[in-house]
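Let me begin by presenting the structure, written as structure tokens, before commenting on it.
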Amino acid sequence: MSNPRLEIRNISRRFDALTAADDVCLSLQQGQVTCLLGPSGCGKSTTLRIVAGVERQDSGQIFVDGALVCDGIRSLPPEQRNIGMMFQDFALFPHLSVWENVAFGLRGAKSARKTRAHELLERVDLAGYGAQMPHELSGGEQQRVALARAVAPRPKIMLLDEPFSGLDDRLRDGVRDEALKVLREDGAAVLMVTHDPAEAMKMSDEIALMRGGRIVQKGAPYTIYNSPADRDAASFFSNINVMTSKVKGSLAQTPFGEFFAPGHADGTILDIVIRPQYLRIDFDRAGQGPTPTDSMGQAARAKVQRARFLGQNSLVDFKLEQGDILTASVPSVFLPKAGTPFWLLAPRKHCYVFPRPA
């Protein structure tokens with residue numbers, strides 16, 4: 001197997017008492033898109049800056065196509081790493097025309113640079129905009145110019161630092177889709193920083209979830225969403241319902257029946273987590289009592305606390321007889337009145353059993 005296009009080995013960076021990156025390891029193949037995902041201050045931007053060469057690590061190594069570009073002692077300057085970068089503030093030169101911005105990092109005759117710039121402007125649906133100035137463009141158009149400029153030198157690696165966060169919601173999806181298409185066609189390995197789980201799942205082949213400077217989970221979007229490493233990982237991707245449970249005989253006791261909890265001693269307090277979209281209302285047996293099954297578990301009796309219409313869906317809060325309050329995401333046409341009784345189901349395959357955070 002060929003060397004990874006980008007390999008990050010055991011990168012660490014500390015600022016006094018703060019550890020910004022802690023033993024970070026990643027490997028990207030040509031054409032792969034990986035998202036560093038996490039809240040502000042988790043270390044994702046520091047990692048990106050180290051890869052770019054504008055920040056020095058304290059330890060660890062970075063390789064491009066198997067060649068060492070930096071370690072704790074030596075470091076190639078950014079311009080020698082064949083790495084492109086897109087920023088959230090576009091960073092266009094206001095005194096240069098659109099085509100001159102795109103051609104800025106290119107070498108060679110002016111005619112060849114201009115031809116390459118116009119080819120890229122056509123690829124990002126900005127044909128005919130070359131003579132305009134950046135201030136004459138909309139935010140989405142400026143970001144597409146920034147994309148064209150970043151890919152113009154044909155970099156082996158593209159770094160994206162929350163490049164779409166400055167766009168409004170209506171623009172963001174279209175620009176993001178266009179950027180992803182161009183980047184995949186170009187074949188560069190793409191390392192992207194974002195704090196938006198939906199953006200990470202839409203853009204990436206792999207997500208590296210960061211917390212406290214460390215990668216706490218890594219995997220394909222489907223896997224990392226459906227098999228979270230812990231309660232915090234689950235809650236980062238969506239709202240969650242949490243029920244507190246006590247272990248008895250390697251089983252966690254819940255209103256929905258017993259859940260396997262191997263390795264936990266009797267009396268251990270656990271969290272049973274289920275996302276609102278997976279909490280089901282048992283219309284088939286509404287009011288007729290629980291019927292335990294292997295796949296669905298035991299039905300639990302509950303009453304509606306309140307229902308909120310959100311357009312595409314509604315959120316309904318239920319209070320279980322045992323006292324837990326759980327939220328279900330349901331079709332928007334369903335808005336039951338407070339006090340209405342229902343039986344709820346928590347499908348076992350969508351429930352997670354986690355140790356309770358300290």
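Chain identifiers are assigned as A, B, and so on, following the order in which chains appear in the structure tokens; residues are numbered from 1 within each chain, and ligands are numbered from 1 in order of appearance.
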Which region 16-35 of chain A residues have any atom within 6 Å of an atom of region 191-208 of chain A, and for each, what is the nearest pair of atoms with distance in Å to one decimal, counting only C-alpha atoms, rows sorted by chain and number, as CSV?
```
residue,atom,partner,partner_atom,distance
A:Val33,CA,A:Ser204,CA,4.9
A:Thr34,CA,A:Glu206,CA,4.7
A:Cys35,CA,A:Met192,CA,4.7
```
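When only C-alpha atoms are used to measure the gap to Asp125 (chain A), the shortest distance among A:Gln80, A:Ser111, A:Gln143, A:Thr268 belongs to A:Gln143.
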In region 94-321 of chain A, what's helix (DSSP H, G or I) per DSSP? Answer as a PyMOL selection string?
chain A and resi 98-102+110-123+134-136+139-151+169-186+197-203+221-226+231-237+276-278
Per DSSP on the backbone, what are the strand (DSSP E or B) residues of region 91-307 of chain A, as a ChimeraX atom specification?
/A:157-161,189-194,206-211,214-219,241-248,251-254,257-260,269-274,280-281,293,297,300-307
Residue contacts of Met158 (chain A) (6 Å, only C-alpha atoms) excluding same-chain residues fewer than 6 positions away, as a PyMOL selection string
chain A and resi 83-85+190
Residues just named, written with N, CA and C atoms as a compact mmCIF listing (two decimals), in the first residue's frame:
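Below is the file that was written, result-v5.txt:
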```txt
# COMPACT_ATOMS: atom_id res chain seq x y z
N ILE A 83 0.73 22.68 0.37
CA ILE A 83 -0.53 22.65 1.10
C ILE A 83 -1.31 23.92 0.79
N GLY A 84 -2.59 23.76 0.44
CA GLY A 84 -3.47 24.90 0.23
C GLY A 84 -4.34 25.10 1.45
N MET A 85 -4.88 26.32 1.59
CA MET A 85 -5.70 26.61 2.77
C MET A 85 -6.80 27.58 2.44
N VAL A 190 -8.08 16.27 2.08
CA VAL A 190 -8.69 17.46 2.66
C VAL A 190 -8.85 17.26 4.17
```
Using only C-alpha atoms, determine which residues lie at most 9 Å from Thr327 (chain A), disregarding the query and same-chain residues fewer than 4 positions distant; provide the list as a PyMOL selection string.
chain A and resi 240-241+275-277+279+315-319
For those residues, write C-alpha atoms to a file as a PDB file, in the first residue's frame.
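The result, written out as part_16.pdb:
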```
ATOM      1  CA  ILE A 240     -30.318  13.237  23.839  1.00  0.00           C
ATOM      2  CA  ASN A 241     -32.592  11.778  26.475  1.00  0.00           C
ATOM      3  CA  ARG A 275     -32.028  10.294  20.866  1.00  0.00           C
ATOM      4  CA  PRO A 276     -35.466  11.974  20.517  1.00  0.00           C
ATOM      5  CA  GLN A 277     -36.020  10.666  16.980  1.00  0.00           C
ATOM      6  CA  LEU A 279     -38.128   7.300  21.127  1.00  0.00           C
ATOM      7  CA  LEU A 315     -41.088  17.856  19.905  1.00  0.00           C
ATOM      8  CA  VAL A 316     -43.245  16.229  22.550  1.00  0.00           C
ATOM      9  CA  ASP A 317     -42.141  16.048  26.202  1.00  0.00           C
ATOM     10  CA  PHE A 318     -43.378  13.022  28.148  1.00  0.00           C
ATOM     11  CA  LYS A 319     -43.207  12.315  31.861  1.00  0.00           C
TER      12      LYS A 319
END
```
Using only C-alpha atoms, determine which residues lie at most 12 Å from Cys70 (chain A), disregarding the query and same-chain residues fewer than 4 positions distant; provide the list as a tab-separated table (two decimals) with N, CA and C atoms, in the first residue's frame.
```tsv
chain	number	residue	atom	x	y	z
A	7	GLU	N	0.08	12.22	6.92
A	7	GLU	CA	0.12	11.42	8.13
A	7	GLU	C	0.57	12.29	9.31
A	8	ILE	N	-0.24	12.31	10.34
A	8	ILE	CA	0.05	13.05	11.57
A	8	ILE	C	0.33	12.04	12.65
A	9	ARG	N	1.54	12.07	13.20
A	9	ARG	CA	1.94	11.08	14.20
A	9	ARG	C	2.21	11.75	15.55
A	11	ILE	N	1.17	14.17	17.48
A	11	ILE	CA	1.41	15.61	17.60
A	11	ILE	C	0.91	16.13	18.95
A	50	ILE	N	-0.56	23.50	12.81
A	50	ILE	CA	0.69	22.74	12.82
A	50	ILE	C	0.92	22.07	11.47
A	51	VAL	N	-0.16	21.50	10.91
A	51	VAL	CA	-0.05	20.87	9.58
A	51	VAL	C	0.33	21.93	8.54
A	52	ALA	N	-0.25	23.12	8.65
A	52	ALA	CA	0.03	24.19	7.69
A	52	ALA	C	1.45	24.72	7.80
A	53	GLY	N	2.06	24.56	8.99
A	53	GLY	CA	3.41	25.05	9.19
A	53	GLY	C	3.49	26.42	9.82
A	54	VAL	N	2.35	26.96	10.28
A	54	VAL	CA	2.36	28.28	10.90
A	54	VAL	C	2.38	28.16	12.43
A	55	GLU	N	2.38	26.95	12.93
A	55	GLU	CA	2.52	26.67	14.36
A	55	GLU	C	3.48	25.50	14.52
A	56	ARG	N	4.36	25.56	15.50
A	56	ARG	CA	5.31	24.48	15.75
A	56	ARG	C	4.81	23.57	16.86
A	57	GLN	N	4.91	22.27	16.65
A	57	GLN	CA	4.53	21.32	17.69
A	57	GLN	C	5.68	21.15	18.69
A	58	ASP	N	5.34	20.65	19.87
A	58	ASP	CA	6.36	20.33	20.86
A	58	ASP	C	6.95	18.95	20.61
A	59	SER	N	6.12	18.07	20.09
A	59	SER	CA	6.58	16.71	19.78
A	59	SER	C	5.68	16.13	18.70
A	60	GLY	N	6.15	15.04	18.09
A	60	GLY	CA	5.39	14.41	17.02
A	60	GLY	C	5.93	14.75	15.65
A	61	GLN	N	5.38	14.11	14.64
A	61	GLN	CA	5.87	14.25	13.27
A	61	GLN	C	4.71	14.37	12.29
A	62	ILE	N	4.97	15.03	11.17
A	62	ILE	CA	4.02	15.12	10.07
A	62	ILE	C	4.73	14.72	8.78
A	63	PHE	N	4.07	13.85	8.01
A	63	PHE	CA	4.60	13.36	6.74
A	63	PHE	C	3.63	13.68	5.62
A	64	VAL	N	4.17	14.03	4.46
A	64	VAL	CA	3.40	14.20	3.23
A	64	VAL	C	3.97	13.23	2.20
A	66	GLY	N	4.84	10.29	2.66
A	66	GLY	CA	5.94	9.54	3.26
A	66	GLY	C	7.17	10.35	3.59
A	74	ARG	N	13.00	19.91	13.23
A	74	ARG	CA	13.04	20.47	11.87
A	74	ARG	C	11.62	20.77	11.40
A	75	SER	N	11.51	21.77	10.52
A	75	SER	CA	10.20	22.13	9.99
A	75	SER	C	10.33	22.83	8.65
A	76	LEU	N	9.71	22.25	7.61
A	76	LEU	CA	9.67	22.92	6.32
A	76	LEU	C	8.77	24.15	6.43
A	77	PRO	N	9.13	25.26	5.81
A	77	PRO	CA	8.25	26.43	5.83
A	77	PRO	C	6.96	26.14	5.08
A	78	PRO	N	5.90	26.87	5.38
A	78	PRO	CA	4.59	26.60	4.77
A	78	PRO	C	4.61	26.55	3.25
A	80	GLN	N	6.74	25.50	1.25
A	80	GLN	CA	7.39	24.32	0.67
A	80	GLN	C	6.64	23.01	0.97
A	81	ARG	N	5.46	23.11	1.54
A	81	ARG	CA	4.74	21.90	1.93
A	81	ARG	C	3.70	21.45	0.91
```
Could you pull the residues within 9 Å of region 120-122 of chain A, counting only C-alpha atoms, minus those fewer than 2 positions along the same chain, as a short mmCIF file (atom, residue, chain, number, x, y, z; two decimals) with N, CA and C atoms, in the first residue's frame?
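Saved to selection-v2.cif:
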```
data_model
loop_
_atom_site.label_atom_id
_atom_site.label_comp_id
_atom_site.auth_asym_id
_atom_site.auth_seq_id
_atom_site.Cartn_x
_atom_site.Cartn_y
_atom_site.Cartn_z
N VAL A 98 -10.63 39.61 -9.52
CA VAL A 98 -10.96 38.22 -9.19
C VAL A 98 -9.95 37.26 -9.80
N TRP A 99 -9.64 37.43 -11.08
CA TRP A 99 -8.71 36.48 -11.69
C TRP A 99 -7.31 36.64 -11.11
N VAL A 102 -7.16 34.66 -7.91
CA VAL A 102 -7.06 33.22 -8.16
C VAL A 102 -5.65 32.86 -8.61
N THR A 115 -5.04 32.03 -17.86
CA THR A 115 -5.82 30.91 -18.42
C THR A 115 -6.23 29.95 -17.32
N ARG A 116 -5.28 29.61 -16.45
CA ARG A 116 -5.59 28.70 -15.34
C ARG A 116 -6.65 29.31 -14.41
N ALA A 117 -6.54 30.60 -14.14
CA ALA A 117 -7.50 31.28 -13.27
C ALA A 117 -8.90 31.23 -13.86
N HIS A 118 -9.01 31.49 -15.15
CA HIS A 118 -10.34 31.50 -15.77
C HIS A 118 -10.91 30.08 -15.86
N VAL A 124 -16.05 26.83 -10.73
CA VAL A 124 -16.83 27.22 -9.54
C VAL A 124 -18.00 28.14 -9.93
N ASP A 125 -18.42 28.05 -11.21
CA ASP A 125 -19.59 28.79 -11.71
C ASP A 125 -19.43 30.30 -11.61
N LEU A 126 -18.21 30.78 -11.86
CA LEU A 126 -17.97 32.22 -11.87
C LEU A 126 -17.34 32.66 -13.20
N ALA A 127 -17.66 31.96 -14.25
CA ALA A 127 -17.16 32.35 -15.58
C ALA A 127 -17.66 33.77 -15.89
N GLY A 128 -16.75 34.60 -16.37
CA GLY A 128 -17.11 35.97 -16.71
C GLY A 128 -16.94 36.96 -15.57
N TYR A 129 -16.52 36.47 -14.39
CA TYR A 129 -16.35 37.35 -13.24
C TYR A 129 -14.89 37.80 -13.05
N GLY A 130 -13.99 37.36 -13.92
CA GLY A 130 -12.56 37.58 -13.70
C GLY A 130 -12.15 39.01 -13.54
N ARG A 144 -16.28 31.25 -3.24
CA ARG A 144 -15.93 30.42 -4.39
C ARG A 144 -14.64 30.90 -5.06
N VAL A 145 -14.40 32.20 -5.03
CA VAL A 145 -13.12 32.73 -5.51
C VAL A 145 -11.99 32.22 -4.62
N ALA A 148 -11.26 28.67 -5.54
CA ALA A 148 -10.50 28.58 -6.80
C ALA A 148 -9.04 28.94 -6.57
N ARG A 149 -8.79 29.97 -5.77
CA ARG A 149 -7.41 30.37 -5.48
C ARG A 149 -6.66 29.26 -4.73
N VAL A 151 -7.13 25.99 -4.79
CA VAL A 151 -6.82 24.79 -5.57
C VAL A 151 -5.98 25.10 -6.81
N ALA A 152 -5.78 26.38 -7.11
CA ALA A 152 -5.06 26.76 -8.33
C ALA A 152 -3.67 26.13 -8.44
#
```
The distance between CA of Val175 (chain A) and CA of Leu37 (chain A) is 19.6 Å
Determine, counting only C-alpha atoms, which protein, DNA and RNA residues have an atom within 12 Å of an atom of Ala252 (chain A); residues of the same chain fewer than 6 positions away are not included. Present the result as a ChimeraX atom specification.
/A:243-246,258-272,351-355
Interatomic distance (Å, one decimal) between CA of Ser332 (chain A) and CA of Asn239 (chain A)
17.7 Å
